[in-house]
Each structure stands twice: as C-alpha cells, then as structure tokens.
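K.L.:
Got target-v4.txt for you, compact mmCIF, N, CA and C atoms:
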```txt
# COMPACT_ATOMS: atom_id res chain seq x y z
N MET A 1 -117.09 14.26 -83.71
CA MET A 1 -116.24 14.88 -84.71
C MET A 1 -116.77 16.29 -84.97
N LYS A 2 -115.85 17.25 -84.95
CA LYS A 2 -116.24 18.64 -85.16
C LYS A 2 -116.43 18.89 -86.66
N VAL A 3 -117.53 19.56 -86.99
CA VAL A 3 -117.85 19.86 -88.39
C VAL A 3 -116.77 20.76 -88.99
N GLU A 4 -116.28 21.72 -88.20
CA GLU A 4 -115.27 22.63 -88.72
C GLU A 4 -114.01 21.87 -89.12
N TRP A 5 -113.62 20.89 -88.30
CA TRP A 5 -112.45 20.08 -88.60
C TRP A 5 -112.66 19.30 -89.90
N LEU A 6 -113.83 18.68 -90.03
CA LEU A 6 -114.12 17.90 -91.22
C LEU A 6 -114.10 18.78 -92.46
N LYS A 7 -114.71 19.94 -92.38
CA LYS A 7 -114.70 20.87 -93.52
C LYS A 7 -113.28 21.29 -93.87
N SER A 8 -112.46 21.55 -92.86
CA SER A 8 -111.07 21.94 -93.08
C SER A 8 -110.30 20.82 -93.77
N GLU A 9 -110.47 19.60 -93.30
CA GLU A 9 -109.78 18.45 -93.91
C GLU A 9 -110.24 18.26 -95.36
N MET A 10 -111.53 18.41 -95.59
CA MET A 10 -112.06 18.27 -96.95
C MET A 10 -111.48 19.34 -97.86
N SER A 11 -111.40 20.57 -97.36
CA SER A 11 -110.86 21.67 -98.14
C SER A 11 -109.39 21.45 -98.48
N LYS A 12 -108.60 21.04 -97.48
CA LYS A 12 -107.17 20.79 -97.69
C LYS A 12 -106.93 19.74 -98.76
N ARG A 13 -107.84 18.77 -98.81
CA ARG A 13 -107.66 17.63 -99.72
C ARG A 13 -108.48 17.75 -101.00
N ASN A 14 -109.15 18.91 -101.16
CA ASN A 14 -110.01 19.14 -102.33
C ASN A 14 -111.06 18.03 -102.49
N LEU A 15 -111.68 17.66 -101.37
CA LEU A 15 -112.72 16.64 -101.39
C LEU A 15 -114.09 17.29 -101.33
N THR A 16 -115.04 16.73 -102.06
CA THR A 16 -116.42 17.20 -102.00
C THR A 16 -117.18 16.37 -100.98
N GLN A 17 -118.37 16.84 -100.63
CA GLN A 17 -119.19 16.06 -99.71
C GLN A 17 -119.56 14.73 -100.36
N ARG A 18 -119.68 14.71 -101.66
CA ARG A 18 -119.98 13.46 -102.37
C ARG A 18 -118.80 12.49 -102.24
N ASP A 19 -117.56 13.00 -102.38
CA ASP A 19 -116.37 12.15 -102.24
C ASP A 19 -116.36 11.45 -100.88
N VAL A 20 -116.57 12.24 -99.84
CA VAL A 20 -116.53 11.69 -98.48
C VAL A 20 -117.71 10.76 -98.26
N GLY A 21 -118.89 11.21 -98.66
CA GLY A 21 -120.08 10.39 -98.48
C GLY A 21 -119.98 9.04 -99.16
N GLU A 22 -119.54 9.04 -100.39
CA GLU A 22 -119.40 7.77 -101.12
C GLU A 22 -118.37 6.86 -100.46
N ALA A 23 -117.31 7.44 -99.97
CA ALA A 23 -116.24 6.64 -99.36
C ALA A 23 -116.68 5.99 -98.05
N VAL A 24 -117.60 6.62 -97.35
CA VAL A 24 -117.99 6.11 -96.04
C VAL A 24 -119.43 5.63 -95.95
N GLY A 25 -120.14 5.66 -97.08
CA GLY A 25 -121.49 5.11 -97.10
C GLY A 25 -122.60 6.05 -96.67
N LEU A 26 -122.41 7.34 -96.90
CA LEU A 26 -123.44 8.32 -96.60
C LEU A 26 -123.91 8.98 -97.89
N SER A 27 -125.19 9.26 -97.98
CA SER A 27 -125.75 9.91 -99.17
C SER A 27 -125.37 11.38 -99.19
N ASP A 28 -125.58 12.02 -100.36
CA ASP A 28 -125.33 13.46 -100.46
C ASP A 28 -126.17 14.22 -99.44
N ALA A 29 -127.43 13.81 -99.29
CA ALA A 29 -128.32 14.49 -98.35
C ALA A 29 -127.82 14.34 -96.91
N GLN A 30 -127.37 13.15 -96.56
CA GLN A 30 -126.85 12.93 -95.21
C GLN A 30 -125.60 13.76 -94.96
N MET A 31 -124.68 13.78 -95.93
CA MET A 31 -123.46 14.57 -95.78
C MET A 31 -123.77 16.06 -95.70
N SER A 32 -124.73 16.51 -96.48
CA SER A 32 -125.12 17.92 -96.44
C SER A 32 -125.61 18.29 -95.05
N LYS A 33 -126.44 17.43 -94.47
CA LYS A 33 -126.94 17.70 -93.12
C LYS A 33 -125.81 17.70 -92.10
N VAL A 34 -124.87 16.78 -92.24
CA VAL A 34 -123.72 16.72 -91.33
C VAL A 34 -122.93 18.03 -91.42
N LEU A 35 -122.61 18.44 -92.65
CA LEU A 35 -121.78 19.62 -92.85
C LEU A 35 -122.48 20.92 -92.47
N ASN A 36 -123.81 20.89 -92.43
CA ASN A 36 -124.57 22.07 -92.02
C ASN A 36 -125.01 22.00 -90.56
N GLY A 37 -124.50 21.01 -89.83
CA GLY A 37 -124.80 20.90 -88.42
C GLY A 37 -126.21 20.43 -88.09
N LEU A 38 -126.90 19.84 -89.07
CA LEU A 38 -128.27 19.40 -88.86
C LEU A 38 -128.37 17.91 -88.54
N ARG A 39 -127.25 17.22 -88.61
CA ARG A 39 -127.23 15.78 -88.33
C ARG A 39 -125.89 15.44 -87.68
N LYS A 40 -125.95 14.70 -86.59
CA LYS A 40 -124.72 14.24 -85.94
C LYS A 40 -124.31 12.91 -86.54
N LEU A 41 -123.03 12.67 -86.59
CA LEU A 41 -122.52 11.40 -87.06
C LEU A 41 -122.57 10.38 -85.93
N SER A 42 -122.88 9.15 -86.29
CA SER A 42 -122.75 8.09 -85.30
C SER A 42 -121.26 7.85 -85.08
N SER A 43 -120.91 7.16 -84.01
CA SER A 43 -119.49 6.89 -83.76
C SER A 43 -118.91 6.05 -84.89
N GLU A 44 -119.69 5.13 -85.44
CA GLU A 44 -119.21 4.31 -86.56
C GLU A 44 -118.98 5.16 -87.80
N GLU A 45 -119.88 6.09 -88.09
CA GLU A 45 -119.72 6.97 -89.26
C GLU A 45 -118.49 7.86 -89.08
N ALA A 46 -118.32 8.42 -87.89
CA ALA A 46 -117.16 9.26 -87.62
C ALA A 46 -115.87 8.46 -87.77
N ASP A 47 -115.89 7.22 -87.30
CA ASP A 47 -114.71 6.37 -87.42
C ASP A 47 -114.41 6.08 -88.89
N ARG A 48 -115.44 5.83 -89.69
CA ARG A 48 -115.20 5.58 -91.13
C ARG A 48 -114.61 6.80 -91.80
N ILE A 49 -115.07 7.99 -91.42
CA ILE A 49 -114.53 9.22 -92.00
C ILE A 49 -113.07 9.39 -91.58
N ARG A 50 -112.77 9.18 -90.30
CA ARG A 50 -111.37 9.29 -89.85
C ARG A 50 -110.49 8.30 -90.60
N ARG A 51 -110.96 7.09 -90.78
CA ARG A 51 -110.19 6.08 -91.52
C ARG A 51 -109.97 6.53 -92.97
N PHE A 52 -111.03 7.03 -93.59
CA PHE A 52 -110.92 7.51 -94.98
C PHE A 52 -109.89 8.63 -95.09
N LEU A 53 -109.83 9.50 -94.09
CA LEU A 53 -108.90 10.63 -94.11
C LEU A 53 -107.52 10.25 -93.60
N GLY A 54 -107.35 9.00 -93.18
CA GLY A 54 -106.03 8.53 -92.76
C GLY A 54 -105.71 8.78 -91.31
N TYR A 55 -106.72 8.99 -90.47
CA TYR A 55 -106.49 9.25 -89.05
C TYR A 55 -106.84 8.07 -88.17
N ALA A 56 -106.77 6.87 -88.71
CA ALA A 56 -107.06 5.69 -87.89
C ALA A 56 -106.18 4.54 -88.35
N LEU A 57 -105.92 3.65 -87.43
CA LEU A 57 -105.14 2.45 -87.72
C LEU A 57 -106.07 1.27 -87.92
N PRO A 58 -105.65 0.28 -88.66
CA PRO A 58 -106.46 -0.94 -88.76
C PRO A 58 -106.69 -1.51 -87.36
N ASP A 59 -107.88 -2.06 -87.13
CA ASP A 59 -108.24 -2.56 -85.81
C ASP A 59 -107.22 -3.53 -85.24
N ASP A 60 -106.67 -4.37 -86.07
CA ASP A 60 -105.75 -5.37 -85.56
C ASP A 60 -104.39 -4.79 -85.17
N GLU A 61 -104.13 -3.54 -85.53
CA GLU A 61 -102.86 -2.91 -85.19
C GLU A 61 -103.01 -1.82 -84.14
N ALA A 62 -104.22 -1.41 -83.87
CA ALA A 62 -104.45 -0.28 -82.98
C ALA A 62 -104.56 -0.73 -81.52
N THR A 63 -103.81 -0.04 -80.67
CA THR A 63 -103.96 -0.26 -79.23
C THR A 63 -104.99 0.73 -78.72
N GLU A 64 -105.40 0.56 -77.48
CA GLU A 64 -106.36 1.50 -76.89
C GLU A 64 -105.77 2.91 -76.87
N LEU A 65 -104.48 3.01 -76.56
CA LEU A 65 -103.82 4.32 -76.55
C LEU A 65 -103.80 4.93 -77.95
N ASP A 66 -103.51 4.13 -78.97
CA ASP A 66 -103.54 4.63 -80.35
C ASP A 66 -104.89 5.24 -80.67
N ILE A 67 -105.93 4.52 -80.32
CA ILE A 67 -107.29 4.98 -80.63
C ILE A 67 -107.59 6.27 -79.88
N ARG A 68 -107.20 6.35 -78.61
CA ARG A 68 -107.44 7.56 -77.84
C ARG A 68 -106.65 8.74 -78.41
N LEU A 69 -105.40 8.51 -78.79
CA LEU A 69 -104.59 9.58 -79.36
C LEU A 69 -105.14 10.06 -80.71
N LEU A 70 -105.52 9.12 -81.56
CA LEU A 70 -106.08 9.50 -82.86
C LEU A 70 -107.39 10.25 -82.70
N HIS A 71 -108.20 9.85 -81.73
CA HIS A 71 -109.44 10.56 -81.48
C HIS A 71 -109.13 11.99 -81.02
N ALA A 72 -108.17 12.12 -80.11
CA ALA A 72 -107.80 13.46 -79.63
C ALA A 72 -107.29 14.32 -80.78
N LEU A 73 -106.46 13.76 -81.65
CA LEU A 73 -105.96 14.51 -82.80
C LEU A 73 -107.09 14.94 -83.72
N SER A 74 -108.06 14.08 -83.91
CA SER A 74 -109.16 14.40 -84.82
C SER A 74 -110.02 15.54 -84.29
N GLN A 75 -109.95 15.81 -82.99
CA GLN A 75 -110.74 16.88 -82.39
C GLN A 75 -109.99 18.21 -82.32
N MET A 76 -108.70 18.19 -82.65
CA MET A 76 -107.88 19.40 -82.54
C MET A 76 -108.07 20.32 -83.74
N THR A 77 -107.92 21.60 -83.47
CA THR A 77 -107.94 22.58 -84.56
C THR A 77 -106.59 22.55 -85.28
N ASP A 78 -106.52 23.18 -86.44
CA ASP A 78 -105.25 23.24 -87.17
C ASP A 78 -104.18 23.95 -86.34
N ALA A 79 -104.58 25.01 -85.62
CA ALA A 79 -103.62 25.74 -84.79
C ALA A 79 -103.09 24.85 -83.67
N GLU A 80 -103.96 24.07 -83.07
CA GLU A 80 -103.53 23.16 -82.01
C GLU A 80 -102.60 22.08 -82.56
N LYS A 81 -102.91 21.56 -83.75
CA LYS A 81 -102.04 20.56 -84.37
C LYS A 81 -100.66 21.15 -84.67
N SER A 82 -100.63 22.39 -85.15
CA SER A 82 -99.36 23.05 -85.44
C SER A 82 -98.54 23.25 -84.17
N ALA A 83 -99.20 23.68 -83.10
CA ALA A 83 -98.50 23.87 -81.83
C ALA A 83 -97.97 22.55 -81.30
N LEU A 84 -98.73 21.49 -81.42
CA LEU A 84 -98.28 20.17 -80.98
C LEU A 84 -97.09 19.70 -81.81
N GLU A 85 -97.13 19.95 -83.10
CA GLU A 85 -96.02 19.56 -83.97
C GLU A 85 -94.74 20.28 -83.57
N VAL A 86 -94.84 21.58 -83.31
CA VAL A 86 -93.67 22.36 -82.88
C VAL A 86 -93.14 21.80 -81.55
N PHE A 87 -94.04 21.54 -80.62
CA PHE A 87 -93.63 20.98 -79.33
C PHE A 87 -92.91 19.64 -79.51
N LEU A 88 -93.50 18.75 -80.29
CA LEU A 88 -92.90 17.43 -80.48
C LEU A 88 -91.56 17.51 -81.17
N GLN A 89 -91.42 18.41 -82.14
CA GLN A 89 -90.14 18.57 -82.83
C GLN A 89 -89.08 19.11 -81.88
N SER A 90 -89.46 20.09 -81.04
CA SER A 90 -88.47 20.63 -80.11
C SER A 90 -88.14 19.60 -79.02
N PHE A 91 -89.13 18.84 -78.63
CA PHE A 91 -88.91 17.80 -77.62
C PHE A 91 -87.95 16.73 -78.15
N ALA A 92 -88.08 16.41 -79.43
CA ALA A 92 -87.23 15.39 -80.03
C ALA A 92 -85.90 15.96 -80.51
N GLY A 93 -85.73 17.27 -80.37
CA GLY A 93 -84.48 17.90 -80.80
C GLY A 93 -84.41 18.10 -82.29
N LEU A 94 -85.55 18.09 -82.97
CA LEU A 94 -85.58 18.30 -84.41
C LEU A 94 -85.81 19.76 -84.72
N LYS A 95 -85.35 20.17 -85.89
CA LYS A 95 -85.61 21.54 -86.33
C LYS A 95 -86.52 21.47 -87.55
N LYS A 96 -87.42 22.42 -87.62
CA LYS A 96 -88.35 22.47 -88.75
C LYS A 96 -87.72 23.14 -89.92
```
In structure tokens, write the structure found in this file.
P.N.:
Amino acid sequence: MKVEWLKSEMSKRNLTQRDVGEAVGLSDAQMSKVLNGLRKLSSEEADRIRRFLGYALPDDEATELDIRLLHALSQMTDAEKSALEVFLQSFAGLKK
C-alpha cells in the first residue's frame, strides 16, 4: 500500500492517524511510522486498512478477480482513478 494513497484517503475523509490505527489495531506510534515511511504494513494490516476505507469485500463474497481488482485500485493515484472512471463511463455510454 502506497503511503501517499493512504494519506490522500485519510485527508479526503478527515481521518486522523489515530482514527485509522484504532480501527485496524495499530498504535499511534505504529501509524506514525507507517505514514512517515519508517514502517511497512504487513499484508494483513494493509488489508484491514483497505476494508476500513471500504475498498474490500467480505471474504465470503470476494472472488480472486475481485481481490485483484481492489488491490489494483488501492495502488492507483487519484489521477489514475479519475482517468479510469472517465474511461468506464464512456465505455458504458454514460455521461458525467
């Protein structure tokens, strides 16, 4: 999980490092190190953060493709997400 993405999501949602840490079981010190690039998240911790932010499906509903797509989305920048949204809307014949 990219730190910049996590910081961006936290900012958009007005979440503090304490909010995220408490929701996923990380201390303030651990979250501070993560956000400052001094500590990497385990795959389980990253998954808990994605779930907390709404980027994951419950295990019993997620297919392998769902998981791969959600992981890819979680790694995208805001600009990439916007470009993908425009593409998908034009592909589906929708107008923004």
K.L.:
Between atom C of Ile49 (chain A) and atom C of Ser90 (chain A), what is the distance, to one decimal in Å?
P.N.:
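We find that atom C of Ile49 (chain A) and atom C of Ser90 (chain A) lie 29.7 Å from each other.
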K.L.:
Which protein, DNA or RNA residues are at most 6.5 Å from (-118.3, 16.2, -95.9) in the file's coordinates when you count all atoms listed in the file, listed as number ranges by chain?
P.N.:
A: 6-7, 16-18, 20-21, 31-32, 35
K.L.:
Going by DSSP on the backbone, which bits of region 19-92 of chain A are helix (DSSP H, G or I)? Write them as an MDAnalysis selection string, please.
P.N.:
chainID A and resid 19:24 28:35 43:52 64:75 78:91
K.L.:
Within 10 Å of Arg50 (chain A), counting only C-alpha atoms, which residues show up once you throw out same-chain ones fewer than 3 positions away? Write them as a list of chain:residue names, please.
P.N.:
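Result of the neighbour search: A:Met1, A:Leu6, A:Val24, A:Glu44, A:Glu45, A:Ala46, A:Asp47, A:Leu53, A:Gly54, A:Tyr55, A:Ala56, A:Leu57, A:Leu70, A:His71, A:Ser74.
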K.L.:
For atom C of Leu38 (chain A) and atom N of Arg13 (chain A), determine how far apart the two atoms are, in Å to one decimal place.
P.N.:
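Calculated distance between atom C of Leu38 (chain A) and atom N of Arg13 (chain A) is 23.0 Å.
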K.L.:
Could you check which of A:Ala72, A:Ala79, A:Ser11, A:Lys2 is closest to Asn36 (chain A), using only C-alpha atoms?
P.N.:
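Closest residue, counting only C-alpha atoms: A:Lys2.
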K.L.:
Since the input is missing atoms, can you rebuild all heavy atoms for region 34-45 of chain A and write them as a PDB file, in the frame of the given file?
P.N.:
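Listing of selection.pdb after writing:
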```pdb
ATOM      1  N   VAL A  34    -124.870  16.780 -92.240  1.00  0.00           N
ATOM      2  CA  VAL A  34    -123.720  16.720 -91.330  1.00  0.00           C
ATOM      3  C   VAL A  34    -122.930  18.030 -91.420  1.00  0.00           C
ATOM      4  O   VAL A  34    -122.611  18.658 -90.418  1.00  0.00           O
ATOM      5  CB  VAL A  34    -122.816  15.513 -91.653  1.00  0.00           C
ATOM      6  CG1 VAL A  34    -121.473  15.623 -90.935  1.00  0.00           C
ATOM      7  CG2 VAL A  34    -123.512  14.201 -91.296  1.00  0.00           C
ATOM      8  N   LEU A  35    -122.610  18.440 -92.650  1.00  0.00           N
ATOM      9  CA  LEU A  35    -121.780  19.620 -92.850  1.00  0.00           C
ATOM     10  C   LEU A  35    -122.480  20.920 -92.470  1.00  0.00           C
ATOM     11  O   LEU A  35    -121.827  21.925 -92.211  1.00  0.00           O
ATOM     12  CB  LEU A  35    -121.294  19.674 -94.308  1.00  0.00           C
ATOM     13  CG  LEU A  35    -120.350  18.537 -94.700  1.00  0.00           C
ATOM     14  CD1 LEU A  35    -120.068  18.566 -96.195  1.00  0.00           C
ATOM     15  CD2 LEU A  35    -119.054  18.600 -93.903  1.00  0.00           C
ATOM     16  N   ASN A  36    -123.810  20.890 -92.430  1.00  0.00           N
ATOM     17  CA  ASN A  36    -124.570  22.070 -92.020  1.00  0.00           C
ATOM     18  C   ASN A  36    -125.010  22.000 -90.560  1.00  0.00           C
ATOM     19  O   ASN A  36    -125.787  22.837 -90.092  1.00  0.00           O
ATOM     20  CB  ASN A  36    -125.785  22.261 -92.931  1.00  0.00           C
ATOM     21  CG  ASN A  36    -125.368  22.738 -94.306  1.00  0.00           C
ATOM     22  OD1 ASN A  36    -124.739  23.787 -94.440  1.00  0.00           O
ATOM     23  ND2 ASN A  36    -125.694  21.982 -95.328  1.00  0.00           N
ATOM     24  N   GLY A  37    -124.500  21.010 -89.830  1.00  0.00           N
ATOM     25  CA  GLY A  37    -124.800  20.900 -88.420  1.00  0.00           C
ATOM     26  C   GLY A  37    -126.210  20.430 -88.090  1.00  0.00           C
ATOM     27  O   GLY A  37    -126.672  20.584 -86.966  1.00  0.00           O
ATOM     28  N   LEU A  38    -126.900  19.840 -89.070  1.00  0.00           N
ATOM     29  CA  LEU A  38    -128.270  19.400 -88.860  1.00  0.00           C
ATOM     30  C   LEU A  38    -128.370  17.910 -88.540  1.00  0.00           C
ATOM     31  O   LEU A  38    -129.466  17.421 -88.245  1.00  0.00           O
ATOM     32  CB  LEU A  38    -129.111  19.706 -90.114  1.00  0.00           C
ATOM     33  CG  LEU A  38    -129.151  21.167 -90.530  1.00  0.00           C
ATOM     34  CD1 LEU A  38    -129.879  21.328 -91.857  1.00  0.00           C
ATOM     35  CD2 LEU A  38    -129.812  22.001 -89.441  1.00  0.00           C
ATOM     36  N   ARG A  39    -127.250  17.220 -88.610  1.00  0.00           N
ATOM     37  CA  ARG A  39    -127.230  15.780 -88.330  1.00  0.00           C
ATOM     38  C   ARG A  39    -125.890  15.440 -87.680  1.00  0.00           C
ATOM     39  O   ARG A  39    -124.847  15.858 -88.161  1.00  0.00           O
ATOM     40  CB  ARG A  39    -127.384  14.987 -89.631  1.00  0.00           C
ATOM     41  CG  ARG A  39    -127.349  13.477 -89.447  1.00  0.00           C
ATOM     42  CD  ARG A  39    -127.368  12.791 -90.831  1.00  0.00           C
ATOM     43  NE  ARG A  39    -127.468  11.358 -90.754  1.00  0.00           N
ATOM     44  CZ  ARG A  39    -126.438  10.526 -90.538  1.00  0.00           C
ATOM     45  NH1 ARG A  39    -125.228  11.004 -90.354  1.00  0.00           N
ATOM     46  NH2 ARG A  39    -126.624   9.230 -90.509  1.00  0.00           N
ATOM     47  N   LYS A  40    -125.950  14.700 -86.590  1.00  0.00           N
ATOM     48  CA  LYS A  40    -124.720  14.240 -85.940  1.00  0.00           C
ATOM     49  C   LYS A  40    -124.310  12.910 -86.540  1.00  0.00           C
ATOM     50  O   LYS A  40    -125.156  12.121 -86.956  1.00  0.00           O
ATOM     51  CB  LYS A  40    -124.927  14.100 -84.449  1.00  0.00           C
ATOM     52  CG  LYS A  40    -125.165  15.425 -83.759  1.00  0.00           C
ATOM     53  CD  LYS A  40    -124.958  15.304 -82.278  1.00  0.00           C
ATOM     54  CE  LYS A  40    -125.209  16.613 -81.603  1.00  0.00           C
ATOM     55  NZ  LYS A  40    -124.055  17.436 -81.478  1.00  0.00           N
ATOM     56  N   LEU A  41    -123.030  12.670 -86.590  1.00  0.00           N
ATOM     57  CA  LEU A  41    -122.520  11.400 -87.060  1.00  0.00           C
ATOM     58  C   LEU A  41    -122.570  10.380 -85.930  1.00  0.00           C
ATOM     59  O   LEU A  41    -122.319  10.718 -84.770  1.00  0.00           O
ATOM     60  CB  LEU A  41    -121.057  11.543 -87.499  1.00  0.00           C
ATOM     61  CG  LEU A  41    -120.798  12.379 -88.738  1.00  0.00           C
ATOM     62  CD1 LEU A  41    -119.322  12.708 -88.839  1.00  0.00           C
ATOM     63  CD2 LEU A  41    -121.272  11.635 -89.978  1.00  0.00           C
ATOM     64  N   SER A  42    -122.880   9.150 -86.290  1.00  0.00           N
ATOM     65  CA  SER A  42    -122.750   8.090 -85.300  1.00  0.00           C
ATOM     66  C   SER A  42    -121.260   7.850 -85.080  1.00  0.00           C
ATOM     67  O   SER A  42    -120.422   8.285 -85.879  1.00  0.00           O
ATOM     68  CB  SER A  42    -123.423   6.805 -85.794  1.00  0.00           C
ATOM     69  OG  SER A  42    -122.658   6.236 -86.854  1.00  0.00           O
ATOM     70  N   SER A  43    -120.910   7.160 -84.010  1.00  0.00           N
ATOM     71  CA  SER A  43    -119.490   6.890 -83.760  1.00  0.00           C
ATOM     72  C   SER A  43    -118.910   6.050 -84.890  1.00  0.00           C
ATOM     73  O   SER A  43    -117.747   6.231 -85.267  1.00  0.00           O
ATOM     74  CB  SER A  43    -119.288   6.221 -82.410  1.00  0.00           C
ATOM     75  OG  SER A  43    -119.986   5.001 -82.347  1.00  0.00           O
ATOM     76  N   GLU A  44    -119.690   5.130 -85.440  1.00  0.00           N
ATOM     77  CA  GLU A  44    -119.210   4.310 -86.560  1.00  0.00           C
ATOM     78  C   GLU A  44    -118.980   5.160 -87.800  1.00  0.00           C
ATOM     79  O   GLU A  44    -117.980   4.977 -88.500  1.00  0.00           O
ATOM     80  CB  GLU A  44    -120.211   3.204 -86.876  1.00  0.00           C
ATOM     81  CG  GLU A  44    -120.263   2.117 -85.833  1.00  0.00           C
ATOM     82  CD  GLU A  44    -121.309   1.060 -86.149  1.00  0.00           C
ATOM     83  OE1 GLU A  44    -121.910   1.092 -87.241  1.00  0.00           O
ATOM     84  OE2 GLU A  44    -121.520   0.196 -85.286  1.00  0.00           O
ATOM     85  N   GLU A  45    -119.880   6.090 -88.090  1.00  0.00           N
ATOM     86  CA  GLU A  45    -119.720   6.970 -89.260  1.00  0.00           C
ATOM     87  C   GLU A  45    -118.490   7.860 -89.080  1.00  0.00           C
ATOM     88  O   GLU A  45    -117.702   8.034 -90.017  1.00  0.00           O
ATOM     89  CB  GLU A  45    -120.975   7.821 -89.467  1.00  0.00           C
ATOM     90  CG  GLU A  45    -122.180   7.024 -89.900  1.00  0.00           C
ATOM     91  CD  GLU A  45    -123.478   7.797 -89.784  1.00  0.00           C
ATOM     92  OE1 GLU A  45    -123.556   8.786 -89.017  1.00  0.00           O
ATOM     93  OE2 GLU A  45    -124.440   7.384 -90.463  1.00  0.00           O
TER      94      GLU A  45
END
```
